[in-house]
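Asker: If it helps, the file is called run.txt and holds compact mmCIF, C-alpha atoms:
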# COMPACT_ATOMS: atom_id res chain seq x y z
CA MET A 1 37.01 -13.75 -133.90
CA ASN A 2 38.88 -14.54 -137.10
CA GLY A 3 37.49 -16.42 -140.09
CA SER A 4 38.76 -19.89 -139.16
CA MET A 5 37.31 -19.59 -135.64
CA LYS A 6 33.93 -18.70 -137.14
CA THR A 7 34.04 -21.71 -139.43
CA PHE A 8 34.99 -23.99 -136.50
CA THR A 9 32.11 -22.64 -134.41
CA ILE A 10 29.62 -23.16 -137.23
CA ILE A 11 30.81 -26.73 -137.75
CA LEU A 12 30.57 -27.39 -134.00
CA PHE A 13 27.00 -26.07 -133.87
CA LEU A 14 26.07 -28.11 -136.88
CA CYS A 15 27.39 -31.25 -135.18
CA PHE A 16 25.27 -30.58 -132.08
CA ASN A 17 22.31 -29.83 -134.27
CA ALA A 18 22.67 -33.22 -135.92
CA ALA A 19 22.89 -34.89 -132.50
CA ALA A 20 19.76 -33.12 -131.33
CA TRP A 21 17.82 -34.52 -134.27
CA SER A 22 18.91 -38.12 -133.78
CA GLN A 23 16.45 -40.46 -132.01
CA THR A 24 15.69 -39.62 -128.43
CA ALA A 25 15.29 -42.17 -125.66
CA GLU A 26 11.51 -41.65 -125.75
CA GLU A 27 11.39 -42.27 -129.45
CA LEU A 28 13.40 -45.43 -129.03
CA GLU A 29 11.05 -46.62 -126.30
CA LEU A 30 8.09 -45.92 -128.57
CA LEU A 31 9.70 -47.98 -131.31
CA LYS A 32 10.37 -50.83 -128.86
CA GLN A 33 6.73 -50.80 -127.78
CA HIS A 34 5.68 -50.92 -131.38
CA ALA A 35 7.94 -53.94 -131.96
CA ARG A 36 6.58 -55.67 -128.83
CA HIS A 37 3.05 -54.95 -129.93
CA GLU A 38 3.67 -56.63 -133.27
CA GLU A 39 5.31 -59.61 -131.57
CA ARG A 40 2.33 -59.93 -129.25
CA ALA A 41 -0.12 -59.59 -132.10
CA GLU A 42 1.59 -62.50 -133.84
CA ARG A 43 1.60 -64.63 -130.69
CA PHE A 44 -2.07 -64.04 -129.98
CA ALA A 45 -3.21 -64.47 -133.57
CA PHE A 46 -5.19 -67.55 -132.48
CA LEU A 47 -7.70 -65.22 -130.79
CA LYS A 48 -9.06 -64.30 -134.20
CA GLU A 49 -10.08 -67.91 -134.76
CA SER A 50 -13.05 -67.66 -132.38
CA ASP A 51 -16.15 -69.23 -133.95
CA ASN A 52 -18.94 -68.04 -131.69
CA GLU A 53 -19.85 -65.38 -129.13
CA LEU A 54 -18.81 -67.53 -126.17
CA GLN A 55 -15.33 -68.02 -127.60
CA GLN A 56 -15.09 -64.33 -128.43
CA PHE A 57 -16.10 -63.53 -124.85
CA THR A 58 -13.34 -65.77 -123.45
CA SER A 59 -10.87 -64.16 -125.86
CA VAL A 60 -11.85 -60.71 -124.56
CA LEU A 61 -11.51 -61.93 -120.97
CA PHE A 62 -8.09 -63.31 -121.85
CA LEU A 63 -6.94 -60.02 -123.38
CA ALA A 64 -8.24 -58.06 -120.38
CA TYR A 65 -6.40 -60.44 -118.05
CA LYS A 66 -3.20 -60.09 -120.08
CA ALA A 67 -3.47 -56.29 -120.25
CA PHE A 68 -4.47 -55.46 -116.67
CA ILE A 69 -3.51 -58.35 -114.39
CA SER A 70 -0.83 -60.56 -115.93
CA SER A 71 1.17 -57.55 -117.18
CA GLN A 72 1.60 -56.29 -113.59
CA ASP A 73 3.38 -59.45 -112.53
CA ALA A 74 6.51 -61.34 -113.53
CA ILE A 75 6.18 -64.54 -115.58
CA SER A 76 5.02 -67.12 -113.04
CA CYS A 77 3.39 -69.84 -115.15
CA VAL A 78 5.69 -72.84 -115.59
CA PHE A 79 4.16 -73.80 -118.92
CA TYR A 80 4.35 -72.81 -122.52
CA PRO A 81 1.74 -71.83 -123.66
CA SER A 82 0.76 -70.12 -120.41
CA CYS A 83 -2.38 -71.27 -118.58
CA SER A 84 -4.47 -68.35 -119.88
CA GLU A 85 -3.40 -68.95 -123.48
CA TYR A 86 -4.01 -72.66 -123.00
CA ALA A 87 -7.52 -71.98 -121.68
CA VAL A 88 -8.48 -69.91 -124.72
CA GLN A 89 -6.96 -72.42 -127.14
CA ALA A 90 -8.67 -75.33 -125.35
CA ILE A 91 -12.05 -73.59 -125.55
CA GLN A 92 -11.50 -72.82 -129.23
CA GLN A 93 -10.46 -76.36 -130.10
CA GLN A 94 -12.60 -78.46 -127.78
CA GLY A 95 -15.67 -76.35 -127.16
CA PHE A 96 -16.67 -74.37 -124.08
CA ILE A 97 -17.42 -77.15 -121.58
CA ILE A 98 -14.54 -79.55 -122.27
CA GLY A 99 -12.18 -76.63 -122.92
CA LEU A 100 -13.07 -75.09 -119.57
CA MET A 101 -12.59 -78.40 -117.73
CA ASN A 102 -9.26 -78.78 -119.51
CA ALA A 103 -8.29 -75.27 -118.37
CA PHE A 104 -9.15 -76.07 -114.71
CA ASP A 105 -7.13 -79.27 -115.00
CA ARG A 106 -4.20 -77.26 -116.37
CA LEU A 107 -4.39 -74.85 -113.40
CA THR A 108 -3.98 -77.74 -110.96
CA ARG A 109 -0.99 -79.00 -112.94
CA CYS A 110 0.65 -75.56 -113.02
CA ASN A 111 3.52 -76.30 -110.64
CA ALA A 112 7.12 -77.37 -110.96
CA LEU A 113 6.67 -80.66 -109.07
CA SER A 114 6.41 -82.92 -112.11
CA PRO A 115 9.17 -81.97 -114.55
CA GLU A 116 9.36 -85.61 -115.69
CA ASN A 117 5.97 -85.30 -117.40
CA TYR A 118 6.83 -82.52 -119.84
CA PRO A 119 9.49 -81.71 -122.42
CA ILE A 120 11.21 -78.33 -122.27
CA HIS A 121 10.15 -75.72 -124.81
CA PRO A 122 13.42 -74.54 -126.42
CA GLY A 123 12.37 -70.92 -126.98
CA THR A 124 11.23 -70.22 -123.43
CA ASN A 125 12.81 -72.97 -121.29
CA LEU A 126 9.36 -73.62 -119.82
CA PHE A 127 7.48 -76.95 -119.69
CA TYR A 128 5.91 -77.56 -123.06
CA ASP A 129 2.27 -78.54 -122.73
CA PRO A 130 0.14 -77.63 -125.74
CA VAL A 131 -3.56 -78.48 -126.01
CA GLU A 132 -3.59 -82.19 -126.83
CA PRO A 133 -5.02 -83.24 -130.20
CA MET A 134 -8.52 -84.61 -129.69
CA GLU A 135 -7.60 -88.01 -131.12
CA HIS A 136 -5.08 -88.52 -128.29
CA VAL A 137 -7.69 -87.82 -125.67
CA HIS A 138 -11.06 -89.00 -127.01
CA MET B 139 77.18 -66.01 -157.35
CA CYS B 140 73.61 -65.16 -156.41
CA THR B 141 72.41 -65.56 -159.95
CA ARG B 142 74.07 -68.95 -160.17
CA LYS B 143 72.43 -70.11 -156.94
CA GLY B 144 69.10 -68.83 -158.21
CA PHE B 145 69.48 -70.82 -161.42
CA ILE B 146 70.31 -73.97 -159.47
CA VAL B 147 67.29 -73.60 -157.15
CA THR B 148 64.95 -72.85 -160.04
CA GLY B 149 66.34 -75.80 -161.95
CA LEU B 150 65.84 -78.16 -159.00
CA LEU B 151 62.30 -76.91 -158.40
CA ALA B 152 61.49 -77.41 -162.05
CA VAL B 153 62.88 -80.95 -161.97
CA PHE B 154 60.87 -81.94 -158.86
CA LEU B 155 57.66 -79.99 -159.34
CA LEU B 156 56.98 -80.44 -163.03
CA PRO B 157 56.31 -84.20 -162.76
CA LEU B 158 53.95 -83.50 -159.84
CA TYR B 159 52.14 -80.92 -161.92
CA ALA B 160 51.75 -83.47 -164.65
CA GLN B 161 50.39 -85.97 -162.12
CA THR B 162 47.75 -83.59 -160.87
CA TRP B 163 46.33 -83.41 -164.34
CA GLU B 164 46.18 -87.17 -164.54
CA THR B 165 43.60 -87.44 -161.68
CA ASP B 166 40.02 -86.86 -162.70
CA PHE B 167 38.16 -86.42 -159.45
CA TYR B 168 34.82 -86.30 -161.19
CA ASN B 169 34.89 -89.60 -163.02
CA LEU B 170 32.41 -92.32 -162.10
CA GLU B 171 34.81 -94.30 -159.91
CA ASN B 172 35.90 -91.31 -157.81
CA THR B 173 32.34 -89.99 -157.59
CA LEU B 174 31.23 -93.34 -156.18
CA LYS B 175 34.14 -93.38 -153.73
CA PHE B 176 33.27 -89.89 -152.58
CA SER B 177 29.59 -90.76 -152.23
CA ASP B 178 30.58 -93.80 -150.11
CA PHE B 179 32.57 -91.46 -147.88
CA LEU B 180 29.59 -89.11 -147.61
CA ILE B 181 27.28 -91.98 -146.66
CA ARG B 182 29.79 -93.25 -144.06
CA THR B 183 29.90 -89.77 -142.55
CA ARG B 184 26.08 -89.52 -142.65
CA GLN B 185 25.97 -86.68 -145.16
CA TYR B 186 23.16 -88.36 -147.02
CA GLU B 187 21.78 -85.42 -148.94
CA LEU B 188 25.23 -84.59 -150.34
CA ALA B 189 25.75 -88.27 -151.13
CA ALA B 190 22.46 -88.29 -153.04
CA GLN B 191 23.63 -85.29 -155.09
CA GLU B 192 26.88 -87.08 -155.95
CA LEU B 193 25.00 -90.23 -156.87
CA GLU B 194 22.54 -88.30 -159.04
CA ARG B 195 25.58 -87.17 -161.04
CA ALA B 196 26.94 -90.74 -161.08
CA ALA B 197 23.56 -92.02 -162.30
CA PHE B 198 23.71 -89.45 -165.08
CA PHE B 199 27.16 -90.76 -166.10
CA ALA B 200 26.05 -94.38 -165.97
CA PRO B 201 22.32 -94.48 -166.67
CA GLY B 202 22.08 -98.24 -167.07
CA GLU B 203 24.09 -99.15 -163.96
CA PRO B 204 21.72 -100.74 -161.40
CA ASN B 205 24.24 -100.56 -158.54
CA VAL B 206 24.52 -96.79 -158.87
CA GLN B 207 20.75 -96.39 -158.97
CA LEU B 208 20.34 -98.64 -155.96
CA LYS B 209 22.93 -96.61 -154.03
CA LEU B 210 21.09 -93.45 -155.00
CA LEU B 211 17.84 -94.87 -153.61
CA GLN B 212 19.61 -95.85 -150.40
CA ALA B 213 21.04 -92.34 -150.04
CA TYR B 214 17.57 -90.86 -150.56
CA ARG B 215 16.11 -93.18 -147.94
CA LEU B 216 18.84 -92.55 -145.39
CA GLY B 217 18.49 -88.81 -145.95
CA GLU B 218 14.71 -89.17 -145.44
CA GLN B 219 14.05 -87.93 -148.98
CA TYR B 220 11.37 -90.55 -149.47
CA GLN B 221 9.43 -88.80 -152.22
CA GLN B 222 12.57 -88.49 -154.37
CA SER B 223 13.24 -92.20 -153.84
CA ILE B 224 9.68 -93.16 -154.79
CA GLY B 225 9.74 -90.84 -157.80
CA THR B 226 13.07 -92.23 -159.02
CA VAL B 227 11.89 -95.85 -158.80
CA GLU B 228 8.64 -95.01 -160.57
CA ARG B 229 10.56 -93.27 -163.36
CA LEU B 230 12.94 -96.20 -163.72
CA TYR B 231 10.20 -98.84 -163.84
CA MET B 232 7.42 -96.76 -165.26
CA ASN B 233 5.19 -99.39 -166.86
CA ARG B 234 6.55 -102.46 -165.13
CA LEU B 235 6.55 -101.43 -161.48
CA THR B 236 5.57 -104.88 -160.24
CA GLU B 237 8.40 -106.50 -162.21
CA MET B 238 11.29 -104.56 -160.72
CA PRO B 239 14.16 -106.55 -159.15
CA ALA B 240 13.81 -107.48 -155.46
CA ASP B 241 16.45 -105.00 -154.24
CA PHE B 242 14.67 -102.10 -155.93
CA GLY B 243 11.34 -103.39 -154.69
CA LYS B 244 12.61 -103.39 -151.10
CA GLU B 245 13.95 -99.83 -151.41
CA TYR B 246 10.64 -98.76 -152.93
CA LEU B 247 8.71 -100.39 -150.07
CA HIS B 248 10.99 -98.87 -147.45
CA SER B 249 10.37 -95.40 -148.85
CA LEU B 250 6.62 -95.96 -149.21
CA ILE B 251 6.30 -97.21 -145.64
CA LEU B 252 8.52 -94.53 -144.10
CA SER B 253 6.68 -91.81 -146.01
CA GLY B 254 3.43 -93.11 -144.50
CA ASP B 255 1.91 -94.32 -147.78
CA HIS B 256 0.87 -97.68 -146.36
CA GLY B 257 -1.98 -98.22 -148.80
CA ARG B 258 0.34 -98.23 -151.81
CA ALA B 259 2.89 -100.27 -149.88
CA ASN B 260 0.29 -102.97 -149.15
CA TYR B 261 -0.77 -103.05 -152.77
CA PHE B 262 2.85 -103.38 -153.92
CA ILE B 263 3.55 -106.19 -151.42
CA GLY B 264 0.72 -108.18 -152.97
CA ALA B 265 1.54 -107.35 -156.58
CA ALA B 266 5.38 -107.40 -156.74
CA ALA B 267 6.59 -110.38 -158.71
CA ASN B 268 10.15 -110.59 -157.42
CA LEU B 269 9.74 -110.32 -153.65
CA ASP B 270 10.19 -113.51 -151.68
CA GLN B 271 7.69 -114.62 -149.05
CA ALA B 272 9.89 -113.62 -146.08
CA ASP B 273 10.12 -110.06 -147.38
CA ARG B 274 6.37 -109.89 -148.00
CA ASN B 275 5.73 -111.08 -144.42
CA ASN B 276 8.23 -108.67 -142.91
CA TYR B 277 6.86 -105.64 -144.72
CA THR B 278 3.24 -106.54 -143.93
CA LEU B 279 4.09 -107.06 -140.27
CA SER B 280 5.99 -103.76 -140.18
CA ILE B 281 2.97 -101.90 -141.54
CA LEU B 282 0.72 -103.51 -138.92
CA LEU B 283 3.11 -102.57 -136.12
CA LEU B 284 3.62 -99.03 -137.36
CA ASN B 285 -0.17 -98.59 -137.43
CA ARG B 286 -0.43 -99.95 -133.86
CA ASN B 287 -2.64 -102.84 -134.98
CA TRP B 288 -1.17 -104.96 -132.20
CA GLU B 289 -3.66 -107.81 -132.16
CA GLU B 290 -3.60 -108.22 -135.92
CA ALA B 291 0.21 -108.05 -135.87
CA ARG B 292 0.39 -110.82 -133.24
CA ASP B 293 -1.93 -113.06 -135.26
CA PHE B 294 -0.02 -112.33 -138.46
CA ALA B 295 3.37 -113.08 -136.86
CA ALA B 296 2.02 -116.37 -135.47
CA GLU B 297 0.42 -117.51 -138.72
CA ASN B 298 2.89 -116.34 -141.35
CA LEU B 299 6.40 -117.77 -141.36
CA PRO B 300 9.21 -116.99 -141.99
CA VAL B 301 9.14 -113.59 -140.35
CA ASN B 302 11.79 -111.31 -138.85
CA MET B 303 12.31 -112.38 -135.23
CA ARG B 304 12.78 -108.85 -133.89
CA LEU B 305 9.49 -107.74 -135.42
CA ALA B 306 7.76 -110.88 -134.17
CA ASN B 307 9.08 -110.17 -130.67
CA ILE B 308 7.70 -106.62 -130.78
CA ALA B 309 4.33 -108.02 -131.85
CA ARG B 310 4.44 -110.45 -128.91
CA GLU B 311 5.57 -107.69 -126.56
CA SER B 312 2.39 -105.77 -127.36
CA GLU B 313 0.44 -108.44 -125.50
CA SER B 314 2.11 -107.46 -122.24
CA ILE B 315 1.13 -103.78 -122.47
CA ARG B 316 -0.94 -102.92 -119.43
CA TYR B 317 -3.25 -100.08 -120.33
CA LYS B 318 -4.97 -97.89 -117.78
CA SER B 319 -8.74 -97.71 -118.05
CA ALA B 320 -9.74 -94.12 -118.82
CA ARG B 321 -13.28 -94.77 -117.56
CA LEU B 322 -12.01 -96.19 -114.29
CA ALA B 323 -9.75 -93.14 -113.84
CA LEU B 324 -12.74 -90.89 -114.49
CA ALA B 325 -14.92 -92.79 -112.00
CA MET B 326 -12.21 -92.81 -109.33
CA SER B 327 -11.74 -89.05 -109.59
CA ALA B 328 -15.48 -88.53 -109.50
CA ILE B 329 -15.60 -90.37 -106.15
CA VAL B 330 -12.33 -89.17 -104.59
CA PRO B 331 -10.83 -86.14 -106.39
CA GLY B 332 -7.27 -86.82 -107.52
CA SER B 333 -7.44 -90.61 -107.12
CA GLY B 334 -7.84 -91.12 -110.89
CA LYS B 335 -4.60 -89.28 -111.51
CA ILE B 336 -2.84 -91.32 -108.84
CA TYR B 337 -4.11 -94.44 -110.63
CA THR B 338 -2.48 -93.22 -113.88
CA GLY B 339 0.84 -92.77 -112.09
CA LYS B 340 0.70 -89.00 -111.64
CA TRP B 341 0.41 -89.01 -107.86
CA LYS B 342 1.73 -85.49 -107.36
CA ASP B 343 -0.92 -84.07 -109.71
CA GLY B 344 -3.50 -86.22 -107.92
CA LEU B 345 -2.64 -84.88 -104.48
CA ILE B 346 -2.60 -81.27 -105.69
CA SER B 347 -6.02 -81.76 -107.33
CA LEU B 348 -7.37 -83.15 -104.06
CA VAL B 349 -6.02 -80.14 -102.15
CA PHE B 350 -7.46 -77.67 -104.70
CA VAL B 351 -10.93 -79.23 -104.65
CA ALA B 352 -10.98 -79.76 -100.87
CA ALA B 353 -9.73 -76.25 -100.04
CA ASN B 354 -12.22 -74.52 -102.34
CA ALA B 355 -15.08 -76.75 -101.22
CA TYR B 356 -14.24 -76.04 -97.57
CA GLN B 357 -14.18 -72.28 -98.22
CA ALA B 358 -17.55 -72.56 -99.95
CA TYR B 359 -18.89 -74.58 -97.03
CA ARG B 360 -17.68 -71.89 -94.59
CA GLY B 361 -19.30 -69.13 -96.61
CA PHE B 362 -22.63 -70.92 -96.95
CA SER B 363 -22.73 -71.98 -93.30
CA LYS B 364 -22.11 -68.38 -92.20
CA ASN B 365 -24.44 -66.45 -94.53
CA GLY B 366 -26.52 -69.15 -96.19
CA THR B 367 -27.20 -68.96 -99.92
CA GLU B 368 -26.71 -65.18 -99.81
CA SER B 369 -22.99 -65.70 -99.27
CA VAL B 370 -20.92 -64.30 -102.17
CA HIS B 371 -17.88 -65.95 -100.63
CA GLY B 372 -19.67 -69.28 -100.74
CA TRP B 373 -20.75 -68.94 -104.36
CA VAL B 374 -17.33 -67.81 -105.56
CA PHE B 375 -15.50 -70.67 -103.86
CA GLY B 376 -18.30 -73.09 -104.67
CA THR B 377 -17.95 -72.28 -108.36
CA LEU B 378 -14.18 -72.69 -108.16
CA ALA B 379 -14.54 -75.99 -106.32
CA ALA B 380 -16.98 -77.26 -108.95
CA GLY B 381 -14.61 -76.14 -111.71
CA PHE B 382 -11.61 -77.85 -110.16
CA TYR B 383 -13.67 -80.97 -109.47
CA ALA B 384 -14.92 -81.20 -113.07
CA GLY B 385 -11.44 -80.35 -114.38
CA ASN B 386 -9.94 -83.12 -112.30
CA VAL B 387 -12.49 -85.69 -113.47
CA TYR B 388 -11.80 -84.79 -117.08
CA GLY B 389 -8.06 -84.50 -116.41
CA SER B 390 -7.95 -88.04 -114.97
CA TYR B 391 -9.68 -89.43 -118.05
CA LYS B 392 -7.25 -87.51 -120.25
CA SER B 393 -4.29 -88.60 -118.18
CA ALA B 394 -5.19 -92.29 -118.67
CA ARG B 395 -5.61 -91.80 -122.41
CA ILE B 396 -2.27 -90.01 -122.65
CA TYR B 397 -0.62 -92.74 -120.56
CA ASN B 398 -1.96 -95.40 -122.94
CA ASN B 399 -0.93 -93.37 -125.95
CA GLN B 400 2.61 -93.11 -124.58
CA LEU B 401 2.80 -96.90 -124.16
CA ASP B 402 1.65 -97.40 -127.75
CA GLU B 403 4.03 -94.74 -128.98
CA ALA B 404 7.01 -96.38 -127.26
CA LEU B 405 6.32 -99.74 -128.92
CA GLN B 406 5.59 -98.11 -132.25
CA GLN B 407 8.93 -96.30 -132.01
CA LYS B 408 10.65 -99.61 -131.28
CA ALA B 409 9.06 -101.08 -134.41
CA LEU B 410 10.11 -98.04 -136.42
CA ASP B 411 13.71 -98.29 -135.16
CA THR B 412 13.80 -101.99 -136.06
CA PHE B 413 12.36 -101.26 -139.48
CA ARG B 414 14.84 -98.46 -140.12
CA SER B 415 17.80 -100.57 -139.00
CA GLY B 416 16.96 -103.10 -141.70
CA LEU B 417 14.88 -106.25 -141.86
Kindly present the structure from the file in structure tokens form.
Answerer:
Amino acid sequence: MNGSMKTFTIILFLCFNAAAWSQTAEELELLKQHARHEERAERFAFLKESDNELQQFTSVLFLAYKAFISSQDAISCVFYPSCSEYAVQAIQQQGFIIGLMNAFDRLTRCNALSPENYPIHPGTNLFYDPVEPMEHVH
Amino acid sequence: MCTRKGFIVTGLLAVFLLPLYAQTWETDFYNLENTLKFSDFLIRTRQYELAAQELERAAFFAPGEPNVQLKLLQAYRLGEQYQQSIGTVERLYMNRLTEMPADFGKEYLHSLILSGDHGRANYFIGAAANLDQADRNNYTLSILLLNRNWEEARDFAAENLPVNMRLANIARESESIRYKSARLALAMSAIVPGSGKIYTGKWKDGLISLVFVAANAYQAYRGFSKNGTESVHGWVFGTLAAGFYAGNVYGSYKSARIYNNQLDEALQQKALDTFRSGL
């Protein structure tokens, strides 16, 4: 092996070495999960606004539902925010009893039969139905 | 030969282009007249914020020119920069706000009303020296309509003339609004689940509510009839049935309130459109 061949081989090995140290698919997936986690943390920031133990309990139930049940299924709710998010927000804003009744009412409305009643949320293309301000309802 | 041709071409270019060059230096695009023309173009093409910037410069050139200032206020209003408009008027007529000319007073009122400062607008309507009675009536009626004070607006339009006919018609139209009773919707759903929603026009939601309540109640009934009060099945479905029932009662009440709010909102929007299009 002459000198130039040696140099070429060293350069070739160095190139592979560099490739081996670039990000692997697993690392990329880990990074993606981290990004998703941050996105989710931002979306569910309202959970931190719980005032009492009952609201905190519903927030925990919501997180458990999101982590273990909802995550196993495709997006099926026709609304934005989803029914579970709506329930927690309704309980936070309107108290446990009215918020819970509002959540049950939302569940019965969760179908695509009445598109005329809701605007479309631009980010998700779902029906937009936030928790109504109290002054519109009471 | 080539050199001669080159000389001729250069000579001809010089003869034709030099006068043009001189002409370009004659046009001052930034003088007051051209700035106003350009701002007119920007307003015609609905570029109100850019028009306001041009007119701010024009107002700097001609500080005592009321037409320029008035155009500037219009550009602010059309571009929905109400606070700038209010601030500019208050700077111009600092210690004699109530004595400003009628045109300025109207622009000031427009911006106050559209920015939602109805308290100051009402005060100014009463205190302004140069507004005529028709303008005072129109602005007062507009504020009443924009605040959804329908009954008061109807009385005002009937008792205070002259008043803008389109606004008066909106006030009269408010009498024909047929609201849904939220309490009746609540009572109906309490008796027959879903009927309150059907009453508010949401018949599909009403039928689905009825099915939800009936199906869960039936499942609870089955569980309890089979195993009595020990039935887990019965309690689970009974709880769900009670939840859907209560949710539907509340939902019917809410649905009526939202329906009424939408009716009010539609008329309020009509009043706002009329107000924006000019009185």
Asker: Could you list as a list in words every residue that has an atom within 9 Å of (23.2, -93.9, -155.4), using the file's coordinates and counting all atoms listed in the file?
Answerer: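 Output: Leu174, Ser177, Ala189, Ala190, Gln191, Glu192, Leu193, Glu194, Ala196, Ala197, Asn205, Val206, Gln207, Leu208, Lys209, Leu210, Leu211, Gln212, Ala213 and Tyr214 of chain B.
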Asker: Could you give me, as a PyMOL selection string, the residues within 12 Å of A:Ile120, counting only C-alpha atoms and dropping anything in the same chain fewer than 2 positions from it?
Answerer: chain A and resi 78-81+115-118+122-130
Asker: So how many Å separate atom CA of A:Asp73 and atom CA of A:Tyr86, to one decimal?
Answerer: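 It comes out at 18.4 Å.
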Asker: One number please: atom CA of B:Arg321 to atom CA of B:Asn285, in Å, one decimal.
Answerer: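 Distance reported for this atom pair: 24.1 Å.
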Asker: Identify every residue of chain A that has at least one atom within 12 Å of any atom of chain B, counting only C-alpha atoms, and report the result as a PyMOL selection string.
Answerer: chain A and resi 87+97-117+131-138
Asker: Record the distance separating atom CA of B:Gly225 and atom CA of B:Phe199, expressed in Å with one decimal.
Answerer: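 So the answer is 19.3 Å.
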Asker: Please list as a list in words every residue within 12 Å of A:Phe96, counting all atoms listed in the file and excluding residues in the same chain fewer than 2 positions away.
Answerer: Ser50, Asp51, Asn52, Glu53, Leu54, Gln55, Gln56, Phe57, Thr58, Ser59, Ala87, Val88, Gln89, Ala90, Ile91, Gln92, Gln93, Gln94, Ile98, Gly99, Leu100, Met101, Asn102 and Ala103 of chain A
Asker: Skip stretch 269-283 of chain B itself and residues of its chain fewer than 2 positions away, then list as a ChimeraX atom specification all residues within 7 Å of it, counting all atoms listed in the file.
Answerer: /B:240,256,260,263,266-267,285-288,291,294-295,298,300-302,406,409,413
